[in-house]
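Engineer: Sharing final_37.csv, CSV, C-alpha atoms:
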```csv
chain,number,residue,atom,x,y,z
A,1,MET,CA,0.0,0.0,0.0
A,2,ASN,CA,1.2,3.5,-0.7
A,3,SER,CA,2.1,5.2,2.6
A,4,ASP,CA,-0.2,8.1,1.8
A,5,ALA,CA,-3.3,5.9,1.4
A,6,ILE,CA,-4.2,5.5,5.0
A,7,ILE,CA,-7.7,4.1,5.6
A,8,SER,CA,-9.7,6.2,8.1
A,9,VAL,CA,-10.7,4.8,11.5
A,10,ARG,CA,-14.4,5.4,10.4
A,11,THR,CA,-14.0,3.0,7.5
A,12,TYR,CA,-12.5,0.3,9.8
A,13,VAL,CA,-15.4,0.7,12.3
A,14,LEU,CA,-18.0,0.5,9.6
A,15,VAL,CA,-16.4,-2.7,8.2
A,16,PHE,CA,-16.3,-4.1,11.8
A,17,ILE,CA,-20.0,-3.3,12.3
A,18,GLY,CA,-20.8,-5.0,9.0
A,19,LEU,CA,-18.9,-8.1,10.0
A,20,ILE,CA,-20.7,-8.4,13.4
A,21,VAL,CA,-24.1,-7.9,11.7
A,22,LEU,CA,-23.2,-10.6,9.2
A,23,THR,CA,-22.1,-13.0,12.0
A,24,ILE,CA,-25.5,-12.5,13.7
A,25,THR,CA,-27.3,-13.0,10.4
A,26,THR,CA,-25.5,-16.2,9.5
A,27,THR,CA,-26.2,-17.7,13.0
A,28,ALA,CA,-29.9,-16.8,12.8
A,29,VAL,CA,-30.3,-18.1,9.3
A,30,ALA,CA,-28.8,-21.4,10.3
A,31,PHE,CA,-31.8,-22.2,12.6
A,32,ILE,CA,-34.3,-21.6,9.7
A,33,ASP,CA,-34.9,-24.5,7.4
A,34,LEU,CA,-34.4,-23.2,3.9
A,35,GLY,CA,-33.8,-26.6,2.4
A,36,ALA,CA,-30.4,-28.3,2.8
A,37,GLN,CA,-28.8,-26.8,-0.3
A,38,TRP,CA,-30.0,-23.2,0.4
A,39,ASN,CA,-28.9,-23.2,4.1
A,40,THR,CA,-25.4,-24.2,2.9
A,41,ALA,CA,-25.5,-21.7,0.1
A,42,ALA,CA,-26.6,-18.9,2.5
A,43,ALA,CA,-23.9,-19.7,5.0
A,44,LEU,CA,-21.2,-19.8,2.4
A,45,ALA,CA,-22.4,-16.6,0.7
A,46,ILE,CA,-22.3,-14.7,4.0
A,47,ALA,CA,-18.8,-16.2,4.8
A,48,VAL,CA,-17.5,-15.1,1.3
A,49,ILE,CA,-18.9,-11.5,1.9
A,50,LYS,CA,-17.2,-11.4,5.3
A,51,ALA,CA,-13.9,-12.7,3.9
A,52,LEU,CA,-14.1,-10.1,1.1
A,53,LEU,CA,-14.7,-7.3,3.7
A,54,VAL,CA,-11.6,-8.4,5.7
A,55,ILE,CA,-9.4,-8.8,2.6
A,56,LEU,CA,-10.4,-5.5,0.9
A,57,PHE,CA,-10.4,-3.3,3.9
A,58,PHE,CA,-8.6,-4.8,6.9
A,59,MET,CA,-5.9,-6.2,4.6
A,60,HIS,CA,-5.9,-3.0,2.5
A,61,VAL,CA,-6.1,-5.0,-0.8
A,62,LEU,CA,-8.7,-2.5,-2.2
A,63,TYR,CA,-6.0,0.2,-1.9
A,64,SER,CA,-3.1,-2.0,-3.0
A,65,ARG,CA,-1.1,-2.0,-6.2
A,66,PRO,CA,-2.1,-4.2,-9.2
A,67,LEU,CA,0.7,-6.6,-8.4
A,68,THR,CA,-0.8,-7.4,-4.9
A,69,TRP,CA,-4.1,-8.1,-6.7
A,70,VAL,CA,-2.3,-10.6,-8.9
A,71,PHE,CA,-0.9,-12.5,-5.9
A,72,VAL,CA,-4.2,-12.5,-4.0
A,73,SER,CA,-6.2,-13.6,-7.0
A,74,ALA,CA,-3.7,-16.3,-7.9
A,75,GLY,CA,-4.0,-17.8,-4.3
A,76,PHE,CA,-7.8,-18.0,-4.5
A,77,PHE,CA,-7.7,-19.2,-8.2
A,78,TRP,CA,-5.6,-22.2,-7.2
A,79,LEU,CA,-8.1,-22.9,-4.4
A,80,LEU,CA,-10.9,-22.8,-7.0
A,81,ILE,CA,-9.0,-25.3,-9.1
A,82,LEU,CA,-8.6,-27.6,-6.1
A,83,PHE,CA,-12.3,-27.4,-5.3
A,84,THR,CA,-13.6,-27.7,-8.9
A,85,LEU,CA,-11.6,-30.7,-9.9
A,86,THR,CA,-12.1,-32.6,-6.7
A,87,LEU,CA,-15.8,-32.0,-6.5
A,88,ALA,CA,-16.3,-32.7,-10.2
A,89,ASP,CA,-14.9,-36.2,-9.4
A,90,TYR,CA,-16.6,-37.1,-6.1
A,91,PHE,CA,-20.0,-35.6,-6.8
A,92,THR,CA,-20.4,-37.4,-10.2
A,93,ARG,CA,-19.2,-40.9,-9.2
A,94,ASN,CA,-22.7,-42.4,-8.6
A,95,ILE,CA,-24.7,-40.6,-11.2
A,96,GLY,CA,-27.8,-42.6,-12.0
A,97,GLY,CA,-27.3,-44.8,-8.9
A,98,ALA,CA,-25.2,-47.3,-10.8
A,99,PRO,CA,-22.4,-48.7,-8.6
A,100,LEU,CA,-18.8,-48.2,-9.8
A,101,PRO,CA,-17.5,-51.4,-11.6
A,102,SER,CA,-14.8,-51.8,-9.0
A,103,ALA,CA,-17.3,-51.4,-6.1
A,104,ALA,CA,-19.6,-54.3,-7.0
A,105,PRO,CA,-17.5,-57.2,-5.6
A,106,ALA,CA,-16.5,-55.2,-2.5
A,107,ALA,CA,-20.1,-54.5,-1.7
A,108,GLN,CA,-20.8,-58.3,-1.5
A,109,ALA,CA,-18.0,-58.7,0.9
A,110,ALA,CA,-19.6,-56.2,3.3
A,111,PRO,CA,-23.2,-57.5,3.9
A,112,ARG,CA,-23.9,-55.1,6.7
A,113,GLN,CA,-23.6,-52.2,4.4
A,114,THR,CA,-27.2,-51.4,3.8
A,115,SER,CA,-28.3,-48.9,1.1
A,116,GLU,CA,-29.3,-46.4,3.9
A,117,THR,CA,-25.8,-46.2,5.3
A,118,ALA,CA,-24.0,-46.5,1.9
A,119,PRO,CA,-22.1,-43.3,1.5
A,120,ARG,CA,-22.6,-41.1,-1.5
A,121,GLY,CA,-19.5,-40.3,-3.4
A,122,LEU,CA,-16.9,-42.4,-1.5
A,123,THR,CA,-15.7,-45.7,-2.9
A,124,THR,CA,-17.0,-48.8,-1.2
A,125,SER,CA,-13.5,-49.8,0.1
A,126,GLU,CA,-13.3,-46.6,2.0
A,127,SER,CA,-16.8,-47.0,3.5
A,128,ARG,CA,-16.0,-50.5,4.5
A,129,ALA,CA,-13.0,-49.3,6.4
A,130,THR,CA,-15.0,-46.7,8.3
A,131,GLN,CA,-17.8,-49.3,8.8
A,132,ARG,CA,-15.3,-51.5,10.5
A,133,THR,CA,-14.1,-48.7,12.8
A,134,GLY,CA,-17.7,-48.1,13.7
A,135,THR,CA,-18.7,-51.6,14.6
A,136,ASP,CA,-15.6,-52.5,16.6
B,1,MET,CA,15.4,11.9,2.7
B,2,SER,CA,14.5,8.4,3.3
B,3,LYS,CA,17.9,7.0,2.2
B,4,SER,CA,19.2,7.3,5.7
B,5,HIS,CA,16.3,5.6,7.5
B,6,PRO,CA,17.6,2.8,9.7
B,7,GLY,CA,14.9,0.3,8.7
B,8,LEU,CA,15.8,0.6,5.0
B,9,LEU,CA,17.9,-2.3,3.6
B,10,HIS,CA,20.6,-1.4,1.2
B,11,HIS,CA,19.2,-3.3,-1.8
B,12,PHE,CA,15.9,-1.2,-1.9
B,13,ASP,CA,15.6,2.3,-3.4
B,14,ASP,CA,13.2,3.6,-0.8
B,15,PRO,CA,10.9,2.4,2.1
B,16,GLU,CA,7.9,2.3,-0.2
B,17,GLN,CA,9.6,-0.2,-2.5
B,18,GLN,CA,10.7,-2.2,0.5
B,19,LEU,CA,7.2,-2.4,1.8
B,20,ASP,CA,5.8,-3.4,-1.6
B,21,ALA,CA,8.4,-6.3,-1.8
B,22,SER,CA,7.5,-7.4,1.7
B,23,GLN,CA,3.8,-7.3,0.8
B,24,SER,CA,4.2,-9.4,-2.3
B,25,GLY,CA,6.2,-12.0,-0.3
B,26,MET,CA,3.7,-12.0,2.5
B,27,TRP,CA,0.8,-12.7,0.0
B,28,ILE,CA,2.7,-15.5,-1.6
B,29,PHE,CA,3.1,-17.0,1.9
B,30,LEU,CA,-0.6,-16.5,2.5
B,31,ALA,CA,-1.4,-18.2,-0.8
B,32,THR,CA,0.4,-21.3,0.5
B,33,GLU,CA,-1.7,-21.0,3.7
B,34,VAL,CA,-4.9,-20.9,1.6
B,35,MET,CA,-3.8,-24.1,-0.1
B,36,PHE,CA,-2.9,-25.7,3.2
B,37,PHE,CA,-6.3,-25.0,4.8
B,38,GLY,CA,-8.0,-25.6,1.4
B,39,GLY,CA,-6.9,-29.2,1.5
B,40,MET,CA,-8.7,-29.7,4.8
B,41,PHE,CA,-11.8,-27.8,3.7
B,42,ILE,CA,-12.2,-29.9,0.5
B,43,SER,CA,-11.7,-33.2,2.4
B,44,TYR,CA,-14.3,-32.1,4.9
B,45,THR,CA,-16.7,-31.2,2.1
B,46,VAL,CA,-16.4,-34.6,0.4
B,47,TYR,CA,-16.9,-36.5,3.7
B,48,ARG,CA,-19.8,-34.3,4.8
B,49,GLU,CA,-21.5,-35.0,1.5
B,50,ALA,CA,-20.9,-38.8,2.0
B,51,TYR,CA,-22.2,-39.0,5.6
B,52,ILE,CA,-24.4,-35.9,5.7
B,53,ASP,CA,-26.9,-37.2,8.4
B,54,VAL,CA,-24.2,-38.4,10.9
B,55,PHE,CA,-22.3,-35.1,10.3
B,56,ALA,CA,-25.4,-33.1,11.1
B,57,HIS,CA,-25.9,-35.0,14.4
B,58,ALA,CA,-22.3,-34.6,15.3
B,59,SER,CA,-22.3,-30.9,14.3
B,60,ASN,CA,-25.2,-30.4,16.7
B,61,HIS,CA,-22.9,-31.4,19.6
B,62,LEU,CA,-20.9,-28.2,19.0
B,63,ASN,CA,-21.9,-25.2,21.1
B,64,VAL,CA,-23.2,-22.7,18.5
B,65,TRP,CA,-23.2,-19.9,21.1
B,66,LEU,CA,-19.6,-20.3,22.2
B,67,GLY,CA,-18.7,-20.6,18.5
B,68,GLY,CA,-20.6,-17.4,17.7
B,69,ILE,CA,-19.1,-15.5,20.6
B,70,ASN,CA,-15.7,-16.6,19.5
B,71,THR,CA,-16.3,-15.4,16.0
B,72,ALA,CA,-17.2,-11.9,17.4
B,73,VAL,CA,-14.1,-12.0,19.6
B,74,LEU,CA,-11.9,-12.7,16.6
B,75,ILE,CA,-13.5,-10.0,14.6
B,76,CYS,CA,-12.9,-7.5,17.4
B,77,SER,CA,-9.3,-8.6,17.5
B,78,SER,CA,-9.0,-8.0,13.8
B,79,LEU,CA,-10.4,-4.5,14.2
B,80,SER,CA,-7.9,-3.9,17.0
B,81,MET,CA,-5.1,-5.2,14.7
B,82,ALA,CA,-6.2,-2.9,11.9
B,83,LEU,CA,-6.1,0.0,14.3
B,84,ALA,CA,-2.6,-1.0,15.4
B,85,VAL,CA,-1.4,-0.8,11.8
B,86,HIS,CA,-3.3,2.5,11.4
B,87,SER,CA,-1.5,3.9,14.5
B,88,ALA,CA,1.8,2.7,13.1
B,89,GLN,CA,1.1,4.5,9.8
B,90,SER,CA,0.3,7.7,11.6
B,91,GLY,CA,3.2,7.3,14.0
B,92,HIS,CA,1.5,7.1,17.4
B,93,ARG,CA,3.8,4.9,19.4
B,94,ARG,CA,1.6,4.5,22.6
B,95,GLN,CA,-1.4,3.6,20.5
B,96,ILE,CA,0.5,0.9,18.6
B,97,VAL,CA,1.4,-0.8,21.9
B,98,PHE,CA,-2.1,-0.4,23.2
B,99,PHE,CA,-3.8,-1.9,20.2
B,100,LEU,CA,-1.2,-4.7,19.9
B,101,LEU,CA,-1.8,-5.7,23.6
B,102,LEU,CA,-5.6,-5.4,23.1
B,103,THR,CA,-5.3,-7.8,20.0
B,104,MET,CA,-3.3,-10.2,22.2
B,105,LEU,CA,-5.9,-10.0,24.9
B,106,LEU,CA,-8.7,-10.8,22.5
B,107,GLY,CA,-6.7,-13.6,20.9
B,108,THR,CA,-6.2,-15.1,24.3
B,109,VAL,CA,-9.9,-14.9,25.1
B,110,PHE,CA,-10.6,-16.8,21.8
B,111,LEU,CA,-8.1,-19.5,22.8
B,112,GLY,CA,-9.6,-19.7,26.3
B,113,ILE,CA,-13.2,-20.2,24.9
B,114,LYS,CA,-11.8,-22.7,22.3
B,115,PHE,CA,-10.1,-24.9,25.0
B,116,THR,CA,-13.3,-24.7,27.1
B,117,GLU,CA,-15.1,-26.2,24.2
B,118,TYR,CA,-12.4,-28.9,23.8
B,119,TYR,CA,-12.8,-29.7,27.5
B,120,HIS,CA,-16.6,-30.1,27.0
B,121,LYS,CA,-15.9,-32.5,24.1
B,122,TYR,CA,-13.6,-34.5,26.4
B,123,GLU,CA,-16.3,-34.7,29.0
B,124,GLU,CA,-18.8,-35.8,26.4
B,125,HIS,CA,-16.5,-38.5,25.1
B,126,LEU,CA,-16.4,-36.9,21.7
B,127,ILE,CA,-12.6,-36.9,21.1
B,128,PRO,CA,-11.7,-39.7,18.7
B,129,GLY,CA,-9.3,-42.1,20.4
B,130,PHE,CA,-10.2,-41.0,23.9
B,131,ASP,CA,-13.1,-43.3,24.9
B,132,PHE,CA,-15.1,-42.0,21.9
B,133,ALA,CA,-18.8,-42.7,22.2
B,134,PHE,CA,-21.6,-41.6,19.9
B,135,LYS,CA,-25.2,-42.9,19.9
B,136,GLU,CA,-27.1,-40.9,17.3
B,137,GLY,CA,-25.5,-42.6,14.3
B,138,ASN,CA,-22.5,-44.7,13.1
B,139,PRO,CA,-19.8,-43.8,15.6
B,140,GLY,CA,-17.1,-44.4,12.9
B,141,HIS,CA,-18.6,-41.7,10.7
B,142,ALA,CA,-19.1,-39.4,13.7
B,143,ALA,CA,-15.4,-39.9,14.6
B,144,ILE,CA,-14.5,-38.6,11.1
B,145,PHE,CA,-16.5,-35.4,11.8
B,146,PHE,CA,-14.7,-34.9,15.1
B,147,SER,CA,-11.3,-35.7,13.6
B,148,PHE,CA,-11.9,-32.9,11.1
B,149,TYR,CA,-13.2,-30.6,13.9
B,150,PHE,CA,-10.1,-31.1,16.0
B,151,ALA,CA,-7.7,-31.0,13.1
B,152,MET,CA,-9.1,-27.9,11.6
B,153,THR,CA,-9.8,-25.9,14.8
B,154,GLY,CA,-6.5,-27.2,16.2
B,155,VAL,CA,-4.4,-26.0,13.3
B,156,HIS,CA,-6.3,-22.7,13.4
B,157,ALA,CA,-5.5,-22.4,17.2
B,158,LEU,CA,-1.9,-23.2,16.5
B,159,HIS,CA,-1.8,-20.3,14.0
B,160,MET,CA,-3.3,-18.1,16.8
B,161,VAL,CA,-0.6,-19.1,19.2
B,162,ILE,CA,2.1,-18.3,16.7
B,163,GLY,CA,0.3,-15.0,16.0
B,164,LEU,CA,0.3,-14.1,19.8
B,165,GLY,CA,4.1,-14.7,19.8
B,166,LEU,CA,4.5,-12.4,16.8
B,167,LEU,CA,2.3,-9.7,18.4
B,168,ALA,CA,4.3,-9.9,21.7
B,169,TYR,CA,7.5,-9.4,19.6
B,170,LEU,CA,6.0,-6.4,17.8
B,171,ALA,CA,4.7,-4.9,21.1
B,172,VAL,CA,8.3,-4.9,22.5
B,173,LYS,CA,9.7,-3.4,19.4
B,174,ALA,CA,6.9,-0.7,19.3
B,175,ALA,CA,7.5,0.2,22.9
B,176,ARG,CA,11.2,0.7,22.1
B,177,ASP,CA,10.0,3.1,19.3
B,178,ARG,CA,11.4,1.0,16.4
B,179,PHE,CA,8.5,1.9,14.1
B,180,SER,CA,7.7,5.1,12.2
B,181,PRO,CA,5.4,6.1,9.4
B,182,LEU,CA,8.3,5.4,7.1
B,183,TYR,CA,9.0,2.0,8.5
B,184,TYR,CA,6.2,-0.2,10.0
B,185,THR,CA,6.6,-3.2,7.7
B,186,PRO,CA,6.6,-5.8,10.5
B,187,VAL,CA,3.3,-4.4,11.9
B,188,GLU,CA,1.7,-4.5,8.5
B,189,MET,CA,2.9,-8.1,7.8
B,190,VAL,CA,1.7,-9.5,11.1
B,191,GLY,CA,-1.5,-7.6,10.5
B,192,LEU,CA,-2.0,-9.5,7.2
B,193,TYR,CA,-1.3,-12.8,9.0
B,194,TRP,CA,-3.7,-12.1,11.8
B,195,HIS,CA,-6.5,-11.1,9.4
B,196,PHE,CA,-5.9,-14.3,7.4
B,197,VAL,CA,-6.3,-16.4,10.5
B,198,ASP,CA,-9.6,-14.5,11.1
B,199,ILE,CA,-10.8,-15.4,7.5
B,200,VAL,CA,-10.1,-19.1,8.2
B,201,TRP,CA,-12.3,-18.9,11.2
B,202,ILE,CA,-15.0,-17.0,9.2
B,203,PHE,CA,-15.3,-20.2,7.1
B,204,LEU,CA,-14.8,-22.7,9.9
B,205,PHE,CA,-17.6,-21.4,12.0
B,206,PRO,CA,-20.5,-21.8,9.5
B,207,LEU,CA,-19.1,-25.1,8.0
B,208,LEU,CA,-18.5,-26.9,11.4
B,209,TYR,CA,-21.1,-25.3,13.7
B,210,LEU,CA,-24.0,-24.0,11.5
B,211,VAL,CA,-24.7,-25.9,8.2
B,212,GLY,CA,-26.1,-29.0,10.0
B,213,ARG,CA,-28.2,-27.0,12.4
B,214,HIS,CA,-31.6,-27.0,10.6
B,215,LEU,CA,-31.4,-30.7,9.6
B,216,LEU,CA,-32.5,-32.0,13.0
```
Can you dump the structure from the file as structure tokens?
Structural biologist:
Amino acid sequence: MNSDAIISVRTYVLVFIGLIVLTITTTAVAFIDLGAQWNTAAALAIAVIKALLVILFFMHVLYSRPLTWVFVSAGFFWLLILFTLTLADYFTRNIGGAPLPSAAPAAQAAPRQTSETAPRGLTTSESRATQRTGTD
Amino acid sequence: MSKSHPGLLHHFDDPEQQLDASQSGMWIFLATEVMFFGGMFISYTVYREAYIDVFAHASNHLNVWLGGINTAVLICSSLSMALAVHSAQSGHRRQIVFFLLLTMLLGTVFLGIKFTEYYHKYEEHLIPGFDFAFKEGNPGHAAIFFSFYFAMTGVHALHMVIGLGLLAYLAVKAARDRFSPLYYTPVEMVGLYWHFVDIVWIFLFPLLYLVGRHLL
């Protein structure tokens, strides 16, 4: 940040009030049933807004040089790659309810694995391992 | 004028260039921290999707009020840290020390509440490996939730402890009048670190304490 671009105390206090209000909001919304996906979406949206407030004002990025913007964006862009590629794999593994070819024999070996407790997304060998931990 | 400043290293032209270089380096470090915590967040997301019901039951064992108060305490400490940097920029030595100590106090309150929560989990047999007992669902799956809970909040708490050490170091240096509007780089960098740790908690709080709340 340029040494002449000092953010006023007033701005800091306003951002602080915003963060506290958003914290109260996210806690209150969590007790209202909006449907599973929307509760998660609301919680994450509020968390992203809070993080942006902290990054832009408390961490001065709004007033920083373009080079700092590049470093900040690169960090979060890599995080986006991590999430996109990982979730694209796990959340599409059981599309149509068909078991994975490699999962079929393993499922027979674990008769206690009912369809209710069958985990979505994880491979059956992993779920067998956790099942074993649970029943021991 | 600034050439003679004691904080200016010889390979930089002026304090502003030195601060810019430090800032770039600090953000690269923070990018690695984003990836470090990102790995735990993505694993948590995958397992939560797989065992969503047990994770909701397990999540409801966390105390949402203590978690919420801790969020507020951490946001207060971030404001205090921002004001410490502001005081350094405007050259108010006593204010820097005051706000650094206030930040440390709030950070300590956060850790105190956190360890109170850990102790409650110990009493309720919810620490995996220490007589773990869970009745509302598959205990193995619940143990996965609590393993994530302790790993993520534990690493976050470790960052807070390191931050407290850095703040103590800064407070001593500030009291000895080592900072000025021309050279306050360490205050600025520790500020970035402290706010980053705040951001991690801003995501931990809803994901661990809140998203399973309405499911029961």
Engineer: Rank nothing, just name the residue among B:His214, B:Tyr183, B:Pro128, B:Tyr209 nearest to Val64 of chain B, using all atoms listed in the file.
Structural biologist: B:Tyr209
Engineer: Measuring between all atoms listed in the file, which one of A:Met59, A:Ile17, A:Thr86, A:Ala28 shows the shortest distance to Val187 of chain B?
Structural biologist: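 Looking only at the distances to Val187 of chain B, the closest residue turns out to be A:Met59.
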Engineer: Tell me which of A:His60, A:Ala41, A:Gly75, A:Ile81 sits closest to chain B, counting all atoms listed in the file.
Structural biologist: A:Gly75
Engineer: Which residue gives the smallest distance to chain B among A:Leu14, A:Ile20, A:Val61, A:Ala88, with all atoms listed in the file counted?
Structural biologist: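 Among the listed residues, A:Ile20 lies closest to chain B.
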Engineer: Which neighbours of Ser24 of chain B fall inside 8 Å, counting all atoms listed in the file, when residues of the same chain fewer than 2 positions from it are skipped, and could you give them as a PDB file with C-alpha atoms, in the frame of the given file?
Structural biologist:
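part23.pdb written:
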```pdb
ATOM      1  CA  LEU A  67       0.700  -6.600  -8.400  1.00  0.00           C
ATOM      2  CA  THR A  68      -0.800  -7.400  -4.900  1.00  0.00           C
ATOM      3  CA  PHE A  71      -0.900 -12.500  -5.900  1.00  0.00           C
TER       4      PHE A  71
ATOM      5  CA  ASP B  20       5.800  -3.400  -1.600  1.00  0.00           C
ATOM      6  CA  ALA B  21       8.400  -6.300  -1.800  1.00  0.00           C
ATOM      7  CA  SER B  22       7.500  -7.400   1.700  1.00  0.00           C
ATOM      8  CA  MET B  26       3.700 -12.000   2.500  1.00  0.00           C
ATOM      9  CA  TRP B  27       0.800 -12.700   0.000  1.00  0.00           C
ATOM     10  CA  ILE B  28       2.700 -15.500  -1.600  1.00  0.00           C
TER      11      ILE B  28
END
```
Engineer: Could you add whatever atoms are missing so that segment 13-27 of chain B carries N, CA and C atoms, then write the result as an mmCIF file, in the frame of the given file?
Structural biologist:
```cif
data_model
loop_
_atom_site.group_PDB
_atom_site.id
_atom_site.type_symbol
_atom_site.label_atom_id
_atom_site.label_comp_id
_atom_site.auth_asym_id
_atom_site.auth_seq_id
_atom_site.Cartn_x
_atom_site.Cartn_y
_atom_site.Cartn_z
ATOM 1 N N ASP B 13 15.417 0.836 -3.040
ATOM 2 C CA ASP B 13 15.600 2.300 -3.400
ATOM 3 C C ASP B 13 15.020 3.134 -2.231
ATOM 4 N N ASP B 14 13.807 2.797 -1.777
ATOM 5 C CA ASP B 14 13.200 3.600 -0.800
ATOM 6 C C ASP B 14 12.243 2.750 0.090
ATOM 7 N N PRO B 15 11.754 3.266 1.207
ATOM 8 C CA PRO B 15 10.900 2.400 2.100
ATOM 9 C C PRO B 15 9.653 1.921 1.399
ATOM 10 N N GLU B 16 9.130 2.710 0.451
ATOM 11 C CA GLU B 16 7.900 2.300 -0.200
ATOM 12 C C GLU B 16 8.147 1.016 -1.033
ATOM 13 N N GLN B 17 9.281 0.986 -1.756
ATOM 14 C CA GLN B 17 9.600 -0.200 -2.500
ATOM 15 C C GLN B 17 9.837 -1.395 -1.628
ATOM 16 N N GLN B 18 10.466 -1.151 -0.489
ATOM 17 C CA GLN B 18 10.700 -2.200 0.500
ATOM 18 C C GLN B 18 9.409 -2.802 1.000
ATOM 19 N N LEU B 19 8.458 -1.908 1.295
ATOM 20 C CA LEU B 19 7.200 -2.400 1.800
ATOM 21 C C LEU B 19 6.428 -3.165 0.728
ATOM 22 N N ASP B 20 6.490 -2.689 -0.539
ATOM 23 C CA ASP B 20 5.800 -3.400 -1.600
ATOM 24 C C ASP B 20 6.401 -4.817 -1.777
ATOM 25 N N ALA B 21 7.728 -4.941 -1.699
ATOM 26 C CA ALA B 21 8.400 -6.300 -1.800
ATOM 27 C C ALA B 21 7.925 -7.168 -0.699
ATOM 28 N N SER B 22 7.910 -6.634 0.525
ATOM 29 C CA SER B 22 7.500 -7.400 1.700
ATOM 30 C C SER B 22 6.039 -7.882 1.510
ATOM 31 N N GLN B 23 5.226 -6.949 1.002
ATOM 32 C CA GLN B 23 3.800 -7.300 0.800
ATOM 33 C C GLN B 23 3.602 -8.385 -0.167
ATOM 34 N N SER B 24 4.318 -8.334 -1.284
ATOM 35 C CA SER B 24 4.200 -9.400 -2.300
ATOM 36 C C SER B 24 4.624 -10.728 -1.689
ATOM 37 N N GLY B 25 5.753 -10.732 -0.967
ATOM 38 C CA GLY B 25 6.200 -12.000 -0.300
ATOM 39 C C GLY B 25 5.229 -12.510 0.651
ATOM 40 N N MET B 26 4.627 -11.613 1.444
ATOM 41 C CA MET B 26 3.700 -12.000 2.500
ATOM 42 C C MET B 26 2.448 -12.676 1.800
ATOM 43 N N TRP B 27 2.003 -12.097 0.686
ATOM 44 C CA TRP B 27 0.800 -12.700 0.000
ATOM 45 C C TRP B 27 1.118 -14.004 -0.608
#
```
